[in-house]
file data_3.pdb (PDB, C-alpha atoms)
ATOM      1  CA  MET A  48      47.410  55.870  56.113
ATOM      2  CA  GLU A  49      49.308  55.342  52.868
ATOM      3  CA  VAL A  50      48.016  57.213  49.834
ATOM      4  CA  PRO A  51      47.081  54.927  46.912
ATOM      5  CA  ILE A  52      48.961  55.735  43.695
ATOM      6  CA  LEU A  53      47.370  54.670  40.399
ATOM      7  CA  LYS A  54      49.260  54.375  37.142
ATOM      8  CA  GLN A  55      47.332  55.537  34.130
ATOM      9  CA  GLY A  56      49.336  55.552  30.916
ATOM     10  CA  ASP A  57      52.140  58.073  31.257
ATOM     11  CA  TYR A  58      50.636  59.516  34.430
ATOM     12  CA  LEU A  59      50.590  58.689  38.122
ATOM     13  CA  ILE A  60      47.543  59.697  40.123
ATOM     14  CA  ALA A  61      47.816  59.957  43.903
ATOM     15  CA  SER A  62      44.395  60.234  45.419
ATOM     16  CA  ILE A  63      44.424  61.329  49.051
ATOM     17  CA  GLN A  64      41.518  59.650  50.856
ATOM     18  CA  SER A  65      41.584  61.150  54.346
ATOM     19  CA  ALA A  66      43.476  63.404  56.740
ATOM     20  CA  LEU A  67      47.208  62.754  56.514
ATOM     21  CA  THR A  68      49.911  62.878  59.147
ATOM     22  CA  ASP A  69      53.261  64.516  58.426
ATOM     23  CA  ALA A  70      54.780  61.045  58.007
ATOM     24  CA  ASP A  71      52.102  60.053  55.451
ATOM     25  CA  LEU A  72      52.813  63.173  53.409
ATOM     26  CA  THR A  73      56.551  62.608  53.481
ATOM     27  CA  GLN A  74      55.988  58.986  52.438
ATOM     28  CA  LEU A  75      53.873  60.158  49.496
ATOM     29  CA  ARG A  76      56.705  62.408  48.310
ATOM     30  CA  VAL A  77      59.199  59.547  48.491
ATOM     31  CA  SER A  78      56.857  57.017  46.795
ATOM     32  CA  LEU A  79      56.064  59.326  43.894
ATOM     33  CA  GLY A  80      59.715  60.205  43.341
ATOM     34  CA  GLU A  81      60.532  56.503  43.160
ATOM     35  CA  ARG A  82      57.577  55.498  40.940
ATOM     36  CA  VAL A  83      58.198  58.268  38.413
ATOM     37  CA  GLY A  84      61.446  56.439  37.713
ATOM     38  CA  ARG A  85      60.052  52.923  37.859
ATOM     39  CA  PHE A  86      57.165  53.642  35.465
ATOM     40  CA  ARG A  87      58.964  56.328  33.443
ATOM     41  CA  SER A  88      55.974  58.590  34.117
ATOM     42  CA  LYS A  89      55.670  61.982  32.451
ATOM     43  CA  GLY A  90      53.035  63.476  34.694
ATOM     44  CA  VAL A  91      51.833  63.306  38.300
ATOM     45  CA  ILE A  92      48.477  64.352  39.697
ATOM     46  CA  VAL A  93      47.979  64.738  43.435
ATOM     47  CA  ASP A  94      44.302  64.946  44.298
ATOM     48  CA  VAL A  95      43.829  66.737  47.637
ATOM     49  CA  THR A  96      40.028  67.047  47.461
ATOM     50  CA  ALA A  97      39.698  65.045  50.697
ATOM     51  CA  LEU A  98      42.090  67.272  52.675
ATOM     52  CA  ASP A  99      40.115  69.570  54.985
ATOM     53  CA  VAL A 100      43.205  71.484  56.109
ATOM     54  CA  MET A 101      46.525  72.331  54.501
ATOM     55  CA  ASP A 102      49.001  73.782  56.936
ATOM     56  CA  SER A 103      52.580  74.935  56.395
ATOM     57  CA  PHE A 104      53.995  71.409  56.589
ATOM     58  CA  ALA A 105      51.529  70.013  54.050
ATOM     59  CA  VAL A 106      52.185  72.865  51.642
ATOM     60  CA  ARG A 107      55.937  72.606  51.983
ATOM     61  CA  THR A 108      55.816  68.849  51.395
ATOM     62  CA  LEU A 109      53.601  69.193  48.302
ATOM     63  CA  ARG A 110      55.907  71.873  46.934
ATOM     64  CA  ASP A 111      58.959  69.664  47.547
ATOM     65  CA  LEU A 112      57.108  66.765  45.941
ATOM     66  CA  ALA A 113      56.354  68.773  42.809
ATOM     67  CA  HIS A 114      59.932  69.984  42.516
ATOM     68  CA  THR A 115      61.367  66.507  43.163
ATOM     69  CA  THR A 116      59.259  64.862  40.456
ATOM     70  CA  TRP A 117      60.072  67.722  38.091
ATOM     71  CA  LEU A 118      63.767  67.046  38.585
ATOM     72  CA  ARG A 119      62.984  63.413  37.755
ATOM     73  CA  GLY A 120      61.440  64.519  34.452
ATOM     74  CA  ALA A 121      57.727  64.598  35.282
ATOM     75  CA  GLU A 122      55.262  67.477  35.570
ATOM     76  CA  THR A 123      53.119  67.608  38.719
ATOM     77  CA  VAL A 124      49.745  69.214  39.159
ATOM     78  CA  ILE A 125      47.876  69.537  42.466
ATOM     79  CA  VAL A 126      44.113  69.270  42.041
ATOM     80  CA  GLY A 127      41.067  69.684  44.254
ATOM     81  CA  ILE A 128      42.102  72.322  46.813
ATOM     82  CA  GLN A 129      38.772  73.206  48.439
ATOM     83  CA  PRO A 130      37.701  76.875  48.555
ATOM     84  CA  ASP A 131      37.877  77.285  52.341
ATOM     85  CA  VAL A 132      41.177  75.394  52.433
ATOM     86  CA  ALA A 133      42.544  77.792  49.798
ATOM     87  CA  PHE A 134      41.364  80.776  51.834
ATOM     88  CA  ALA A 135      43.035  79.508  55.037
ATOM     89  CA  MET A 136      46.238  78.860  53.067
ATOM     90  CA  VAL A 137      46.302  82.429  51.792
ATOM     91  CA  GLN A 138      45.763  83.733  55.333
ATOM     92  CA  LEU A 139      48.686  81.601  56.481
ATOM     93  CA  GLY A 140      50.834  83.043  53.688
ATOM     94  CA  LEU A 141      51.056  79.674  51.917
ATOM     95  CA  THR A 142      50.763  80.186  48.174
ATOM     96  CA  LEU A 143      52.282  77.050  46.582
ATOM     97  CA  LYS A 144      53.977  79.389  44.136
ATOM     98  CA  GLY A 145      55.742  77.621  41.279
ATOM     99  CA  VAL A 146      53.492  74.576  41.540
ATOM    100  CA  ALA A 147      50.781  73.871  38.966
ATOM    101  CA  THR A 148      47.229  73.559  40.282
ATOM    102  CA  ALA A 149      43.920  72.695  38.652
ATOM    103  CA  LEU A 150      40.320  72.639  39.780
ATOM    104  CA  ASP A 151      39.794  68.881  39.700
ATOM    105  CA  LEU A 152      41.078  65.601  38.284
ATOM    106  CA  GLU A 153      39.605  66.248  34.843
ATOM    107  CA  GLU A 154      41.232  69.676  34.565
ATOM    108  CA  GLY A 155      44.474  68.220  35.905
ATOM    109  CA  LEU A 156      44.556  65.581  33.158
ATOM    110  CA  GLU A 157      43.870  68.223  30.523
ATOM    111  CA  PHE A 158      46.660  70.365  31.931
ATOM    112  CA  LEU A 159      49.156  67.510  31.718
ATOM    113  CA  ASP A 160      48.040  66.605  28.184
ATOM    114  CA  ARG A 161      48.578  70.218  27.119
ATOM    115  CA  GLN A 162      51.966  70.431  28.857
ATOM    116  CA  LEU A 163      53.257  67.232  27.307
ATOM    117  CA  LYS A 164      51.868  67.586  23.816
ATOM    118  CA  GLY A 165      54.708  67.862  21.353
ATOM    119  CA  ARG A 166      57.234  68.253  24.117
ATOM    120  CA  SER A 167      60.706  67.263  23.051
ATOM    121  CA  GLY A 168      63.005  68.927  25.541
ATOM    122  CA  ARG A 169      61.994  71.065  28.439
ATOM    123  CA  ARG A 170      62.249  74.557  29.674
ATOM    124  CA  GLY A 171      64.378  75.362  32.709
TER     125      GLY A 171
ATOM    126  CA  MET B 116      31.267  66.076  72.252
ATOM    127  CA  ALA B 117      31.879  67.999  75.467
ATOM    128  CA  ASP B 118      32.459  71.750  75.336
ATOM    129  CA  ALA B 119      36.041  71.317  76.504
ATOM    130  CA  THR B 120      38.697  68.823  75.582
ATOM    131  CA  ALA B 121      42.453  68.365  75.698
ATOM    132  CA  VAL B 122      44.793  66.583  73.317
ATOM    133  CA  THR B 123      48.254  65.478  74.398
ATOM    134  CA  ILE B 124      50.738  66.131  71.611
ATOM    135  CA  THR B 125      53.517  63.567  71.297
ATOM    136  CA  SER B 126      53.370  62.570  67.615
ATOM    137  CA  ASP B 127      52.257  63.831  64.205
ATOM    138  CA  LEU B 128      49.075  61.793  64.619
ATOM    139  CA  ASP B 129      48.168  63.949  67.646
ATOM    140  CA  VAL B 130      48.506  67.077  65.491
ATOM    141  CA  VAL B 131      45.750  65.654  63.273
ATOM    142  CA  SER B 132      43.629  64.745  66.345
ATOM    143  CA  ALA B 133      44.006  68.245  67.796
ATOM    144  CA  ARG B 134      42.889  70.003  64.644
ATOM    145  CA  GLN B 135      39.971  67.601  64.210
ATOM    146  CA  ALA B 136      38.856  68.209  67.811
ATOM    147  CA  GLY B 137      39.145  71.947  67.131
ATOM    148  CA  ARG B 138      36.964  71.654  64.053
ATOM    149  CA  GLU B 139      34.310  69.757  66.026
ATOM    150  CA  LEU B 140      34.241  72.514  68.649
ATOM    151  CA  ALA B 141      34.034  75.138  65.907
ATOM    152  CA  VAL B 142      30.978  73.342  64.542
ATOM    153  CA  LEU B 143      29.413  73.416  68.017
ATOM    154  CA  ALA B 144      30.144  77.147  68.263
ATOM    155  CA  GLY B 145      28.273  77.661  64.995
ATOM    156  CA  PHE B 146      31.204  78.765  62.831
ATOM    157  CA  SER B 147      30.915  78.638  59.046
ATOM    158  CA  GLN B 148      32.800  75.921  57.216
ATOM    159  CA  GLY B 149      35.386  78.495  56.177
ATOM    160  CA  ASP B 150      36.031  79.529  59.771
ATOM    161  CA  GLN B 151      36.124  75.888  60.881
ATOM    162  CA  THR B 152      38.974  75.363  58.426
ATOM    163  CA  VAL B 153      40.755  78.510  59.579
ATOM    164  CA  ILE B 154      40.574  77.375  63.231
ATOM    165  CA  ALA B 155      41.746  73.858  62.340
ATOM    166  CA  ALA B 156      44.691  75.274  60.368
ATOM    167  CA  ALA B 157      45.748  77.540  63.262
ATOM    168  CA  ILE B 158      45.592  74.610  65.699
ATOM    169  CA  SER B 159      47.636  72.495  63.305
ATOM    170  CA  GLU B 160      50.402  75.121  63.223
ATOM    171  CA  ILE B 161      50.721  75.546  66.984
ATOM    172  CA  ALA B 162      50.388  71.806  67.670
ATOM    173  CA  ARG B 163      53.199  71.151  65.218
ATOM    174  CA  ASN B 164      55.289  73.850  66.901
ATOM    175  CA  ILE B 165      54.938  71.900  70.155
ATOM    176  CA  LEU B 166      56.118  68.742  68.411
ATOM    177  CA  ILE B 167      59.085  70.422  66.712
ATOM    178  CA  TYR B 168      60.375  72.512  69.601
ATOM    179  CA  ALA B 169      59.185  70.845  72.808
ATOM    180  CA  ARG B 170      58.530  67.253  71.605
ATOM    181  CA  ARG B 171      55.475  67.053  73.870
ATOM    182  CA  GLY B 172      52.779  69.287  75.251
ATOM    183  CA  GLU B 173      49.050  69.764  75.385
ATOM    184  CA  VAL B 174      46.400  71.554  73.394
ATOM    185  CA  HIS B 175      43.345  72.527  75.429
ATOM    186  CA  LEU B 176      40.213  73.429  73.524
ATOM    187  CA  ARG B 177      37.179  75.108  75.003
ATOM    188  CA  LEU B 178      33.870  76.403  73.763
ATOM    189  CA  ALA B 179      33.140  79.922  75.029
ATOM    190  CA  VAL B 180      29.592  81.233  75.096
ATOM    191  CA  GLU B 181      28.925  84.842  76.037
ATOM    192  CA  ALA B 182      25.818  87.041  75.822
ATOM    193  CA  ASP B 183      26.369  88.240  72.276
ATOM    194  CA  ARG B 184      29.074  85.988  70.948
ATOM    195  CA  SER B 185      30.430  82.470  71.019
ATOM    196  CA  GLY B 186      33.841  81.197  70.175
ATOM    197  CA  VAL B 187      36.624  78.700  70.470
ATOM    198  CA  ILE B 188      39.498  79.162  72.900
ATOM    199  CA  VAL B 189      42.714  77.259  72.301
ATOM    200  CA  VAL B 190      45.483  77.032  74.878
ATOM    201  CA  ALA B 191      48.667  75.228  73.870
ATOM    202  CA  THR B 192      51.219  74.519  76.581
ATOM    203  CA  ASP B 193      54.586  72.869  76.670
ATOM    204  CA  GLN B 194      57.624  72.621  78.914
ATOM    205  CA  GLY B 195      59.993  73.044  76.014
ATOM    206  CA  PRO B 196      62.915  75.414  75.508
ATOM    207  CA  GLY B 197      60.689  78.491  75.277
ATOM    208  CA  ILE B 198      60.931  81.349  72.799
ATOM    209  CA  ALA B 199      63.689  83.888  73.423
ATOM    210  CA  ASP B 200      62.279  86.610  71.173
ATOM    211  CA  VAL B 201      58.509  86.262  70.886
ATOM    212  CA  GLU B 202      58.068  89.285  68.619
ATOM    213  CA  ARG B 203      60.658  88.038  66.165
ATOM    214  CA  SER B 204      59.190  84.512  66.188
ATOM    215  CA  MET B 205      55.937  85.906  64.827
ATOM    216  CA  GLN B 206      57.564  87.390  61.730
ATOM    217  CA  ASP B 207      57.028  85.494  58.514
ATOM    218  CA  GLY B 208      60.109  83.693  57.326
ATOM    219  CA  VAL B 209      61.651  83.440  60.781
ATOM    220  CA  SER B 210      62.205  79.842  61.767
ATOM    221  CA  THR B 211      64.794  78.122  63.891
ATOM    222  CA  SER B 212      63.649  74.668  62.761
ATOM    223  CA  GLY B 213      64.270  74.885  59.032
ATOM    224  CA  GLY B 214      60.547  75.253  58.384
ATOM    225  CA  LEU B 215      58.774  77.922  56.407
ATOM    226  CA  GLY B 216      58.651  80.185  59.432
ATOM    227  CA  LEU B 217      54.965  80.815  58.995
ATOM    228  CA  GLY B 218      53.700  78.879  61.991
ATOM    229  CA  LEU B 219      53.209  81.475  64.725
ATOM    230  CA  GLY B 220      52.635  84.531  62.570
ATOM    231  CA  GLY B 221      50.303  82.545  60.347
ATOM    232  CA  ALA B 222      48.266  81.216  63.262
ATOM    233  CA  LYS B 223      48.002  84.759  64.633
ATOM    234  CA  ARG B 224      46.591  86.024  61.348
ATOM    235  CA  LEU B 225      43.978  83.284  61.348
ATOM    236  CA  MET B 226      42.648  84.021  64.836
ATOM    237  CA  ASP B 227      41.034  87.070  66.493
ATOM    238  CA  GLU B 228      43.117  87.013  69.654
ATOM    239  CA  PHE B 229      46.609  85.612  70.016
ATOM    240  CA  HIS B 230      48.879  85.724  73.012
ATOM    241  CA  VAL B 231      52.245  84.103  73.653
ATOM    242  CA  ASP B 232      53.598  83.571  77.133
ATOM    243  CA  SER B 233      57.066  82.108  77.061
ATOM    244  CA  VAL B 234      59.915  81.729  79.498
ATOM    245  CA  PRO B 235      63.177  80.471  77.991
ATOM    246  CA  GLY B 236      64.122  77.169  79.626
ATOM    247  CA  THR B 237      60.681  76.751  81.202
ATOM    248  CA  GLY B 238      58.102  76.520  78.471
ATOM    249  CA  THR B 239      55.548  78.230  76.308
ATOM    250  CA  THR B 240      51.820  78.853  76.576
ATOM    251  CA  ILE B 241      49.961  80.142  73.549
ATOM    252  CA  THR B 242      46.380  81.310  73.950
ATOM    253  CA  MET B 243      44.315  82.034  70.865
ATOM    254  CA  LYS B 244      40.634  82.755  70.349
ATOM    255  CA  LYS B 245      38.230  83.014  67.484
ATOM    256  CA  TRP B 246      34.826  84.662  67.922
ATOM    257  CA  ARG B 247      31.565  84.837  66.054
ATOM    258  CA  ARG B 248      28.635  87.177  66.756
ATOM    259  CA  ARG B 249      25.481  85.445  67.874
ATOM    260  CA  VAL B 250      22.357  86.559  66.054
TER     261      VAL B 250
END

call {"tool": "encode", "arguments": {"input": "data_3.pdb", "output": "structure tokens"}}
result
Amino acid sequence: MEVPILKQGDYLIASIQSALTDADLTQLRVSLGERVGRFRSKGVIVDVTALDVMDSFAVRTLRDLAHTTWLRGAETVIVGIQPDVAFAMVQLGLTLKGVATALDLEEGLEFLDRQLKGRSGRRG
Amino acid sequence: MADATAVTITSDLDVVSARQAGRELAVLAGFSQGDQTVIAAAISEIARNILIYARRGEVHLRLAVEADRSGVIVVATDQGPGIADVERSMQDGVSTSGGLGLGLGGAKRLMDEFHVDSVPGTGTTITMKKWRRRV
């Protein structure tokens, strides 16, 4: 099932609605990379609240997604990782290091606003 | 849902089906939501291993009820290339597929019992169990 991507101002919001296959996740990464360019977006939020499991493939794909959009000039924040999903990820050794996370959509938007406020260039 | 089921793994969609079936069994066994997620994640890793290395195989799931405990038993089988060095394959960061190399070792950490039976050129059977005390 394809993940709907909403454009809101300078941001893109991908809201995952149900369990995703590997192909769906890969498609999401490709779609976001393309739309960041098309809409000249500055920030991306991926809402994973509906995901009941994140395994090594999901985590790797989200990490690649965040790094890809960053290279395209947009910040990405992953929001809504559920507590038991987070625990299982830690047990699996999956930390999503180097990727911004926030509790929920609201916190994610605040994070992006803070990141982008007064930004002229960017850090490496 | 019956207390035993099997999912044939031939596509990434089957990986999702296998972990969902595992979660349903975990609910039947009375596991907490946290443990349901842990079991589903472990199943996802080994089901994906089947897909990556053997292309097809089966994941058998069974509810186990004993006098003082109940649990979920997962047996994943394939007729793939097998694993030459089982011990090494369980180390984090070791992958021959270009993945994160957390699949087997990660699944082992999530479960209470974990056993790999593999014959190079013949196939692999992974048996893993998760238990909960009955009160």

call {"tool": "residues_around", "arguments": {"input": "data_3.pdb", "residues": "Ile63 of chain A", "least_positions_apart": "2", "cutoff": "12 Å", "atoms": "all atoms listed in the file", "output": "PDB file with C-alpha atoms, in the frame of the given file"}}
result
ATOM      1  CA  MET A  48      47.410  55.870  56.113  1.00  0.00           C
ATOM      2  CA  GLU A  49      49.308  55.342  52.868  1.00  0.00           C
ATOM      3  CA  VAL A  50      48.016  57.213  49.834  1.00  0.00           C
ATOM      4  CA  PRO A  51      47.081  54.927  46.912  1.00  0.00           C
ATOM      5  CA  ILE A  52      48.961  55.735  43.695  1.00  0.00           C
ATOM      6  CA  LEU A  53      47.370  54.670  40.399  1.00  0.00           C
ATOM      7  CA  ILE A  60      47.543  59.697  40.123  1.00  0.00           C
ATOM      8  CA  ALA A  61      47.816  59.957  43.903  1.00  0.00           C
ATOM      9  CA  SER A  65      41.584  61.150  54.346  1.00  0.00           C
ATOM     10  CA  ALA A  66      43.476  63.404  56.740  1.00  0.00           C
ATOM     11  CA  LEU A  67      47.208  62.754  56.514  1.00  0.00           C
ATOM     12  CA  THR A  68      49.911  62.878  59.147  1.00  0.00           C
ATOM     13  CA  ASP A  71      52.102  60.053  55.451  1.00  0.00           C
ATOM     14  CA  LEU A  72      52.813  63.173  53.409  1.00  0.00           C
ATOM     15  CA  LEU A  75      53.873  60.158  49.496  1.00  0.00           C
ATOM     16  CA  ILE A  92      48.477  64.352  39.697  1.00  0.00           C
ATOM     17  CA  VAL A  93      47.979  64.738  43.435  1.00  0.00           C
ATOM     18  CA  ASP A  94      44.302  64.946  44.298  1.00  0.00           C
ATOM     19  CA  VAL A  95      43.829  66.737  47.637  1.00  0.00           C
ATOM     20  CA  THR A  96      40.028  67.047  47.461  1.00  0.00           C
ATOM     21  CA  ALA A  97      39.698  65.045  50.697  1.00  0.00           C
ATOM     22  CA  LEU A  98      42.090  67.272  52.675  1.00  0.00           C
ATOM     23  CA  ASP A  99      40.115  69.570  54.985  1.00  0.00           C
ATOM     24  CA  ILE A 125      47.876  69.537  42.466  1.00  0.00           C
ATOM     25  CA  VAL A 126      44.113  69.270  42.041  1.00  0.00           C
ATOM     26  CA  GLY A 127      41.067  69.684  44.254  1.00  0.00           C
ATOM     27  CA  ILE A 128      42.102  72.322  46.813  1.00  0.00           C
TER      28      ILE A 128
END

call {"tool": "interface_residues", "arguments": {"input": "data_3.pdb", "of": "chain B", "to": "chain A", "cutoff": "12 Å", "atoms": "only C-alpha atoms", "output": "number ranges by chain"}}
result
B: 126-135, 137-138, 147-164, 166-167, 205-208, 212-226

call {"tool": "atom_distance", "arguments": {"input": "data_3.pdb", "atom1": "atom CA of Glu173 of chain B", "atom2": "atom CA of Gly145 of chain B"}}
result
24.5 Å

call {"tool": "residues_around", "arguments": {"input": "data_3.pdb", "residues": "Leu156 of chain A", "least_positions_apart": "4", "cutoff": "12 Å", "atoms": "all atoms listed in the file", "output": "PyMOL selection string"}}
result
chain A and resi 55-60+89-94+122-126+147-152+160-163

call {"tool": "resolve_selection", "arguments": {"input": "data_3.pdb", "expression": "the PyMOL selection byres ((chain A and resi 77) around 12)", "output": "short mmCIF file (atom, residue, chain, number, x, y, z; two decimals) with C-alpha atoms, in the coordinates of the input"}}
result
data_model
loop_
_atom_site.label_atom_id
_atom_site.label_comp_id
_atom_site.auth_asym_id
_atom_site.auth_seq_id
_atom_site.Cartn_x
_atom_site.Cartn_y
_atom_site.Cartn_z
CA GLU A 49 49.31 55.34 52.87
CA VAL A 50 48.02 57.21 49.83
CA ILE A 52 48.96 55.74 43.70
CA ALA A 70 54.78 61.04 58.01
CA ASP A 71 52.10 60.05 55.45
CA LEU A 72 52.81 63.17 53.41
CA THR A 73 56.55 62.61 53.48
CA GLN A 74 55.99 58.99 52.44
CA LEU A 75 53.87 60.16 49.50
CA ARG A 76 56.70 62.41 48.31
CA SER A 78 56.86 57.02 46.80
CA LEU A 79 56.06 59.33 43.89
CA GLY A 80 59.72 60.20 43.34
CA GLU A 81 60.53 56.50 43.16
CA ARG A 82 57.58 55.50 40.94
CA VAL A 83 58.20 58.27 38.41
CA GLY A 84 61.45 56.44 37.71
CA THR A 108 55.82 68.85 51.40
CA LEU A 109 53.60 69.19 48.30
CA ASP A 111 58.96 69.66 47.55
CA LEU A 112 57.11 66.76 45.94
CA ALA A 113 56.35 68.77 42.81
CA THR A 115 61.37 66.51 43.16
CA THR A 116 59.26 64.86 40.46
#

call {"tool": "resolve_selection", "arguments": {"input": "data_3.pdb", "expression": "the PyMOL selection byres ((chain B and resi 237) around 9)", "output": "tab-separated table (two decimals) with C-alpha atoms, in the coordinates of the input"}}
result
chain	number	residue	atom	x	y	z
B	193	ASP	CA	54.59	72.87	76.67
B	194	GLN	CA	57.62	72.62	78.91
B	195	GLY	CA	59.99	73.04	76.01
B	196	PRO	CA	62.92	75.41	75.51
B	197	GLY	CA	60.69	78.49	75.28
B	233	SER	CA	57.07	82.11	77.06
B	234	VAL	CA	59.92	81.73	79.50
B	235	PRO	CA	63.18	80.47	77.99
B	236	GLY	CA	64.12	77.17	79.63
B	238	GLY	CA	58.10	76.52	78.47
B	239	THR	CA	55.55	78.23	76.31

call {"tool": "atom_distance", "arguments": {"input": "data_3.pdb", "atom1": "atom CA of Arg248 of chain B", "atom2": "atom CA of Arg177 of chain B"}}
result
16.9 Å

call {"tool": "axis_aligned_box", "arguments": {"input": "data_3.pdb", "around": "segment 161-167 of chain B", "padding_each_side": "3 Å", "output": "JSON"}}
result
{"center_x": 54.7, "center_y": 72.1, "center_z": 67.7, "size_x": 14.7, "size_y": 12.8, "size_z": 10.9}

call {"tool": "atom_distance", "arguments": {"input": "data_3.pdb", "atom1": "atom CA of His230 of chain B", "atom2": "atom CA of Ala182 of chain B"}}
result
23.3 Å

call {"tool": "residues_around", "arguments": {"input": "data_3.pdb", "residues": "Leu176 of chain B", "least_positions_apart": "4", "cutoff": "12 Å", "atoms": "only C-alpha atoms", "output": "number ranges by chain"}}
result
B: 116-123, 132-141, 144, 154-155, 158, 162, 186-192, 241-245

call {"tool": "decode", "arguments": {"input": "data_3.pdb", "residues": "segment 158-179 of chain B", "atoms": "N, CA and C atoms", "output": "compact mmCIF listing (two decimals), in the first residue's frame"}}
result
# COMPACT_ATOMS: atom_id res chain seq x y z
N ILE B 158 10.32 -12.69 14.19
CA ILE B 158 9.79 -13.43 13.04
C ILE B 158 10.09 -12.68 11.74
N SER B 159 9.95 -11.36 11.78
CA SER B 159 10.21 -10.56 10.60
C SER B 159 11.65 -10.74 10.13
N GLU B 160 12.59 -10.76 11.07
CA GLU B 160 14.01 -10.91 10.71
C GLU B 160 14.28 -12.27 10.06
N ILE B 161 13.76 -13.34 10.67
CA ILE B 161 14.12 -14.66 10.10
C ILE B 161 13.35 -14.93 8.80
N ALA B 162 12.12 -14.37 8.71
CA ALA B 162 11.36 -14.55 7.46
C ALA B 162 12.06 -13.82 6.33
N ARG B 163 12.59 -12.63 6.64
CA ARG B 163 13.31 -11.89 5.60
C ARG B 163 14.60 -12.61 5.22
N ASN B 164 15.26 -13.23 6.19
CA ASN B 164 16.46 -14.01 5.87
C ASN B 164 16.14 -15.10 4.86
N ILE B 165 14.99 -15.76 5.03
CA ILE B 165 14.57 -16.79 4.07
C ILE B 165 14.49 -16.18 2.68
N LEU B 166 13.82 -15.02 2.61
CA LEU B 166 13.59 -14.36 1.32
C LEU B 166 14.92 -13.97 0.65
N ILE B 167 15.83 -13.41 1.46
CA ILE B 167 17.10 -12.93 0.91
C ILE B 167 17.99 -14.08 0.45
N TYR B 168 18.11 -15.10 1.31
CA TYR B 168 19.12 -16.14 1.04
C TYR B 168 18.58 -17.35 0.30
N ALA B 169 17.31 -17.72 0.58
CA ALA B 169 16.79 -18.96 0.00
C ALA B 169 15.69 -18.70 -1.03
N ARG B 170 15.18 -17.47 -1.06
CA ARG B 170 14.09 -17.05 -1.96
C ARG B 170 12.74 -17.62 -1.54
N ARG B 171 12.70 -18.86 -1.04
CA ARG B 171 11.42 -19.36 -0.52
C ARG B 171 11.65 -20.29 0.65
N GLY B 172 10.61 -20.44 1.45
CA GLY B 172 10.70 -21.30 2.62
C GLY B 172 9.40 -21.21 3.39
N GLU B 173 9.42 -21.73 4.60
CA GLU B 173 8.19 -21.70 5.40
C GLU B 173 8.48 -21.28 6.83
N VAL B 174 7.51 -20.59 7.40
CA VAL B 174 7.58 -20.26 8.82
C VAL B 174 6.41 -20.95 9.51
N HIS B 175 6.73 -21.88 10.39
CA HIS B 175 5.70 -22.59 11.16
C HIS B 175 5.59 -21.96 12.54
N LEU B 176 4.37 -21.71 12.94
CA LEU B 176 4.14 -21.06 14.23
C LEU B 176 3.23 -21.95 15.07
N ARG B 177 3.58 -22.10 16.34
CA ARG B 177 2.79 -23.00 17.18
C ARG B 177 2.69 -22.45 18.59
N LEU B 178 1.50 -22.59 19.14
CA LEU B 178 1.28 -22.21 20.53
C LEU B 178 1.68 -23.39 21.40
N ALA B 179 2.47 -23.14 22.44
CA ALA B 179 2.89 -24.23 23.34
C ALA B 179 2.33 -23.95 24.73
